[in-house]
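Here the structure comes first, spelled out in structure tokens, and everything after it is commentary.
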Protein chains: 2
Amino acid sequence: MRITALSGGIGGARFLRGLLPLLGPGDQVSVIGNTADDIELFGLTICPDLDTLMYTLGGGIDEQRGWGRAEETWHAKAELAAYGAHPQWFGLGDRDLATHVIRTQMLRAGFSLSDVTAALCTRWDPGVRLLPMSDDRVETHVVVASDDGSRRAIHFQEYWVRLHAEVPVLDVVVVGAAEAAPAPGVLAALADADLVLLPPSNPVVSIGTILAVPGIAAAIRTTPAPVVGISPIIAGAAVSGMADQLLAGLDIEGTAAGVALHYGARSAGGILDGWLVHTSDAPDVERLAQQGIRAQAVPLLMSDLPAASAMAQAALRLSGRVPA
Amino acid sequence: MRITALSGGIGGARFLRGLLPLLGPGDQVSVIGNTADDIELFGLTICPDLDTLMYTLGGGIDEQRGWGRAEETWHAKAELAAYGAHPQWFGLGDRDLATHVIRTQMLRAGFSLSDVTAALCTRWDPGVRLLPMSDDRVETHVVVASDDGSRRAIHFQEYWVRLHAEVPVLDVVVVGAAEAAPAPGVLAALADADLVLLPPSNPVVSIGTILAVPGIAAAIRTTPAPVVGISPIIAGAAVSGMADQLLAGLDIEGTAAGVALHYGARSAGGILDGWLVHTSDAPDVERLAQQGIRAQAVPLLMSDLPAASAMAQAALRLSGRVPA
């Protein structure tokens with residue numbers, strides 16, 4: 001079976017880590033990773049979601065934080081700050097830094113982000129084919145209100161990491177998305193899939209940005225494969241991260257059903273066939289059924305690997321597809 | 001008093017650290033640092049001698065090794081190796097890495113190496129004006145014999161760090177030197193000096209490369225200031241490093257007098273007025289006097305800061321110049 005998943009960082013990576021043990025040797029997973037929260041800092045190209053996917057699936061992630069490297073140290077970061085270099089809010093670990101240095105060197109040598117990602121993955125052996133959503137530069141900027149009431153756009157990482165998503169969001173602009181092309185293999189991975197999964201990633205700044213690359217949403221709408229997603233919202237709050245604040249600012253209903261309806265049923269021109277909600281959101285199931293989305297309520301807290309696997313198992317069951 | 005010193009890395013830096021406490025508030029030291037052992041690795045521009053000078057004079061050096069940062073860790077280096085990135089023999093510490101990242105970012109933004117060095121020095125406050133010998137790229141390559149007898153040129157760092165200078169040297173080529181210009185301030189620092197010092201640095205790959213930049217040797221030959229050097233060779237062996245192996249390959253006599261005669265007396269078109277040799281090399285004093293170089297034998301082992309200061313004091317005395 002060929003499974004293709006769209007994914008942001010932590011939530012998607014943990015879900016996929018739960019999925020892989022369910023699969024057989026004949027099954028293949030392609031992951032289309034969000035690159036819109038990529039950022040260039042200190043002359044280095046940093047791809048937080050691709051790195052979180054590589055590190056999580058490759059056994060190098062810091063389990064507590066959910067991002068960055070295990071047994072990390074922060075000496076280079078402290079030195080950059082001692083030099084007065086900005087920004088100082090980005091979590092740049094010493095081990096992590098090596099990834100950015102190699103990526104930057106390869107990009108400057110003319111390799112595409114797809115090539116670079118494949119090269120980095122030869123070390124991490126993540127068990128999936130990791131594809132950036134695009135080799136073109138796409139950056140999520142968040143429009144926030146300044147203290148004086150004026151509007152200003154800041155990079156998503158600044159909103160997320162420095163401001164902890166605590167500032168009201170006026171708008172989200174995915175700079176470059178309209179001109180970006182899907183990376184090689186992305187559209188084929190959707191067209192040729194037996195199952196398309198939307199792990200519990202942020203519907204705006206992770207999945208939404210991937211869908212903003214021309215061609216990708218259409219490929220999901222038209223793929224013969226069933227498309228099943230997992231709600232990143234439980235009882236009106238983001239499971240991890242701060243997705244709910246973002247949704248509020250964009251007039252998306254911050255509930256499990258609200259996110260599914262934001263994506264829409266494929267039968268009504270949207271991208272979803274099925275949707276998993278948490279057991280406490282069971283009342284959403286009937287509401288979604290009325291809108292053409294086959295929903296099911298199951299435990300959605302990825303407290304450990306077995307819990308993530310149980311979620312993945314539920315997604316497979318809901319899709320009607322069974323691994324080899 | 002305006003003192004201008006030419007310097008390589010460890011030896012020069014330690015000598016200068018001994019010199020500074022002897023000076024008064026009216027004294028100024030300019031250091032022309034060797035940049036010919038600079039190297040680009042992993043897309044980062046690394047300037048070993050400038051860094052050793054900054055770290056040593058700025059209080060950040062690892063005292064045991066003599067290069068790199070104190071309390072250093074090596075996680076990024078280990079990760080680069082885990083990715084299979086080469087070379088793996090270069091000592092790239094996590095703290096040190098921040099310096100290279102900032103330097104590379106500034107150079108790519110269009111700043112000159114002089115500008116970058118000044119910016120980095122605002123943090124380290126080394127107590128001297130640190131000038132790269134040139135803003136142009138100059139690289140020392142060492143011609144060595146391969147196992148099959150053929151000749152090949154390798155970067156000085158590979159010869160020094162990977163091969164521990166244990167391979168016979170057939171030639172030294174300072175690539176780019178002939179086309180390089182002295183960095184801003186270099187020639188003026190020599191012309192306007194009250195004293196020019198050659199600390200105990202390698203006569204070939206540290207001082208020799210500085211002298212290879214057109215205009216610098218001439219400025220030393222013609223400066224009204226006395227020029228006094230300190231032998232890096234004691235009893236026929238390099239005090240630290242592996243200068244003696246290099247000298248042998250280049251038909252330079254590997255003795256304290258041999259290095260002085262390689263530089264030559266200013267009265268005979270060379271660059272030296274005075275030369276300090278170690279007490280055990282006292283017989284060289286008479287030989288040098290016959291060649292127009294005023295030499296003196298004093299202890300030259302920089303075992304600690306007071307020893308380095310005593311050496312610097314001897315150099316000042318030999319020059320006849322007294323600090324303010």
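FYI, nothing fancy with the structure tokens labels: chains A, B, ... in order, residues from 1 per chain, ligands from 1 as they appear.
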
Starting from chain B, keep only residues with some atom at most 10 Å from an atom of chain A, counting only C-alpha atoms, and report them as a PyMOL selection string. chain B and resi 41-44+71-85+93-99+101-106+108-109+119-124

Which residues are close to Val205 of chain B, i.e. within 9 Å by only C-alpha atoms, leaving aside same-chain residues fewer than 5 positions away? Reply as an mmCIF file with C-alpha atoms, in the first residue's frame.
data_model
loop_
_atom_site.group_PDB
_atom_site.id
_atom_site.type_symbol
_atom_site.label_atom_id
_atom_site.label_comp_id
_atom_site.auth_asym_id
_atom_site.auth_seq_id
_atom_site.Cartn_x
_atom_site.Cartn_y
_atom_site.Cartn_z
ATOM 1 C CA GLY B 8 50.553 34.047 13.151
ATOM 2 C CA ASN B 34 48.205 36.070 8.907
ATOM 3 C CA ALA B 36 46.909 32.539 4.550
ATOM 4 C CA ASP B 37 45.892 29.566 6.655
ATOM 5 C CA THR B 140 48.981 28.519 1.688
ATOM 6 C CA PHE B 156 48.141 24.100 4.714
ATOM 7 C CA VAL B 172 55.087 25.948 -0.205
ATOM 8 C CA VAL B 174 51.044 30.998 -1.248
ATOM 9 C CA ILE B 210 52.271 38.186 5.352
ATOM 10 C CA ALA B 243 57.992 24.869 12.024
ATOM 11 C CA LEU B 246 58.635 23.053 7.188
#

Every residue of segment 206-285 of chain B that DSSP places in strand (DSSP E), as a PyMOL selection string: chain B and resi 227-230+233-234+237-238+274-278

Write out as a compact mmCIF listing (two decimals) with N, CA and C atoms, in the first residue's frame all residues of segment 136-307 of chain A that backbone DSSP assigns to alpha helix (DSSP H).
# COMPACT_ATOMS: atom_id res chain seq x y z
N PHE A 156 6.53 33.72 10.65
CA PHE A 156 5.81 32.80 11.53
C PHE A 156 6.64 32.38 12.74
N GLN A 157 7.94 32.14 12.53
CA GLN A 157 8.77 31.70 13.65
C GLN A 157 8.84 32.77 14.74
N VAL A 186 5.81 15.19 -5.56
CA VAL A 186 4.70 15.50 -4.66
C VAL A 186 3.34 15.17 -5.30
N LEU A 187 3.11 15.66 -6.49
CA LEU A 187 1.81 15.43 -7.12
C LEU A 187 1.62 13.94 -7.44
N ALA A 188 2.69 13.29 -7.89
CA ALA A 188 2.59 11.85 -8.18
C ALA A 188 2.30 11.06 -6.91
N ALA A 189 2.90 11.48 -5.80
CA ALA A 189 2.67 10.77 -4.54
C ALA A 189 1.20 10.85 -4.13
N LEU A 190 0.54 11.93 -4.50
CA LEU A 190 -0.89 12.06 -4.19
C LEU A 190 -1.73 11.30 -5.21
N ALA A 191 -1.40 11.43 -6.48
CA ALA A 191 -2.19 10.79 -7.54
C ALA A 191 -2.09 9.26 -7.46
N ILE A 207 -0.71 22.38 7.38
CA ILE A 207 -1.43 21.79 6.25
C ILE A 207 -1.89 22.88 5.28
N GLY A 208 -2.36 23.99 5.83
CA GLY A 208 -2.87 25.08 4.98
C GLY A 208 -1.81 25.60 4.02
N THR A 209 -0.58 25.68 4.48
CA THR A 209 0.50 26.18 3.63
C THR A 209 0.84 25.18 2.54
N ILE A 210 0.79 23.90 2.87
CA ILE A 210 1.04 22.88 1.83
C ILE A 210 -0.05 22.98 0.76
N LEU A 211 -1.30 23.12 1.21
CA LEU A 211 -2.41 23.22 0.27
C LEU A 211 -2.35 24.50 -0.56
N ILE A 216 -1.46 21.18 -5.37
CA ILE A 216 -1.51 20.15 -4.34
C ILE A 216 -2.95 19.90 -3.88
N ALA A 217 -3.70 20.96 -3.62
CA ALA A 217 -5.09 20.76 -3.19
C ALA A 217 -5.89 20.04 -4.28
N ALA A 218 -5.65 20.43 -5.53
CA ALA A 218 -6.36 19.77 -6.64
C ALA A 218 -6.01 18.29 -6.70
N ALA A 219 -4.74 17.97 -6.46
CA ALA A 219 -4.33 16.57 -6.50
C ALA A 219 -5.01 15.76 -5.40
N ILE A 220 -5.26 16.41 -4.26
CA ILE A 220 -5.95 15.71 -3.17
C ILE A 220 -7.44 15.56 -3.51
N ARG A 221 -8.01 16.59 -4.08
CA ARG A 221 -9.43 16.50 -4.44
C ARG A 221 -9.68 15.40 -5.47
N THR A 222 -8.70 15.13 -6.32
CA THR A 222 -8.94 14.21 -7.44
C THR A 222 -8.28 12.85 -7.28
N ALA A 243 -2.43 26.17 18.01
CA ALA A 243 -3.24 26.31 16.81
C ALA A 243 -4.53 27.08 17.07
N ASP A 244 -5.08 26.94 18.25
CA ASP A 244 -6.39 27.54 18.49
C ASP A 244 -6.35 29.07 18.41
N GLN A 245 -5.24 29.67 18.90
CA GLN A 245 -5.14 31.12 18.78
C GLN A 245 -5.15 31.55 17.31
N LEU A 246 -4.40 30.80 16.51
CA LEU A 246 -4.32 31.13 15.09
C LEU A 246 -5.69 31.03 14.43
N LEU A 247 -6.43 29.98 14.77
CA LEU A 247 -7.73 29.76 14.13
C LEU A 247 -8.68 30.89 14.43
N ALA A 248 -8.67 31.32 15.71
CA ALA A 248 -9.58 32.38 16.12
C ALA A 248 -9.39 33.62 15.27
N GLY A 249 -8.14 33.95 15.00
CA GLY A 249 -7.86 35.14 14.23
C GLY A 249 -8.27 35.04 12.77
N ALA A 256 -12.94 20.49 16.67
CA ALA A 256 -12.59 19.36 15.80
C ALA A 256 -13.44 19.41 14.53
N ALA A 257 -14.73 19.64 14.68
CA ALA A 257 -15.60 19.71 13.50
C ALA A 257 -15.28 20.95 12.67
N GLY A 258 -14.96 22.05 13.35
CA GLY A 258 -14.67 23.29 12.64
C GLY A 258 -13.50 23.14 11.68
N VAL A 259 -12.46 22.46 12.12
CA VAL A 259 -11.30 22.26 11.25
C VAL A 259 -11.67 21.37 10.07
N ALA A 260 -12.44 20.31 10.34
CA ALA A 260 -12.85 19.41 9.25
C ALA A 260 -13.69 20.17 8.22
N LEU A 261 -14.58 21.00 8.72
CA LEU A 261 -15.44 21.75 7.78
C LEU A 261 -14.64 22.82 7.04
N HIS A 262 -13.60 23.32 7.68
CA HIS A 262 -12.68 24.24 6.99
C HIS A 262 -12.03 23.53 5.79
N TYR A 263 -11.64 22.28 5.98
CA TYR A 263 -11.09 21.50 4.86
C TYR A 263 -12.20 21.15 3.86
N PRO A 283 -19.85 14.28 19.85
CA PRO A 283 -21.01 14.93 19.24
C PRO A 283 -20.72 15.52 17.85
N ASP A 284 -19.46 15.76 17.56
CA ASP A 284 -19.11 16.31 16.25
C ASP A 284 -19.35 15.30 15.12
N VAL A 285 -19.35 14.02 15.46
CA VAL A 285 -19.42 12.98 14.43
C VAL A 285 -20.68 13.12 13.58
N GLU A 286 -21.80 13.28 14.26
CA GLU A 286 -23.08 13.37 13.54
C GLU A 286 -23.14 14.64 12.68
N ARG A 287 -22.62 15.73 13.26
CA ARG A 287 -22.62 17.00 12.53
C ARG A 287 -21.80 16.88 11.24
N LEU A 288 -20.65 16.19 11.34
CA LEU A 288 -19.79 16.04 10.15
C LEU A 288 -20.42 15.11 9.13
N ALA A 289 -21.08 14.07 9.63
CA ALA A 289 -21.74 13.13 8.71
C ALA A 289 -22.75 13.87 7.83
N GLN A 290 -23.45 14.82 8.43
CA GLN A 290 -24.43 15.59 7.67
C GLN A 290 -23.77 16.42 6.57
N LEU A 305 4.06 6.01 22.16
CA LEU A 305 4.06 5.38 20.84
C LEU A 305 2.85 4.47 20.64
N PRO A 306 2.48 3.61 21.63
CA PRO A 306 1.28 2.78 21.43
C PRO A 306 0.02 3.62 21.19
N ALA A 307 -0.10 4.76 21.86
CA ALA A 307 -1.27 5.62 21.66
C ALA A 307 -1.27 6.18 20.24

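Computed from the coordinates, the atom CA of Val277 of chain B to atom CA of Arg294 of chain B distance equals 10.7 Å.
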
Calculated over only C-alpha atoms, which of the candidates B:Pro184, B:Gly149, B:Gly274, B:Gly33 has the smallest distance to Val227 of chain B? B:Gly274

Could you tell me how far atom CA of Arg152 of chain B sits from atom CA of Arg137 of chain B, in Å to one decimal place?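 Value for the atom CA of Arg137 of chain B-atom CA of Arg152 of chain B distance: 20.8 Å.
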
Have a look at atom CA of Gly60 of chain A and atom CA of Pro48 of chain A and let me know their distance in Å, one decimal. 13.9 Å

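Nearest to Ala180 of chain B of all the residues B:Pro199, B:Pro25, B:Pro132, B:Pro87 is B:Pro132, based on only C-alpha atoms.
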
Neighbouring residues of Arg17 of chain B were defined as those with any atom within 9 Å, considering only C-alpha atoms; residues of the same chain fewer than 2 positions away were excluded. Please report them as a PyMOL selection string. chain B and resi 12-15+19-21+56-57+305+308-309

Which residue, A:Glu253, A:Asp135, A:Val169, A:Ala181, has the smallest gap to Pro203 of chain A when you use only C-alpha atoms? A:Glu253
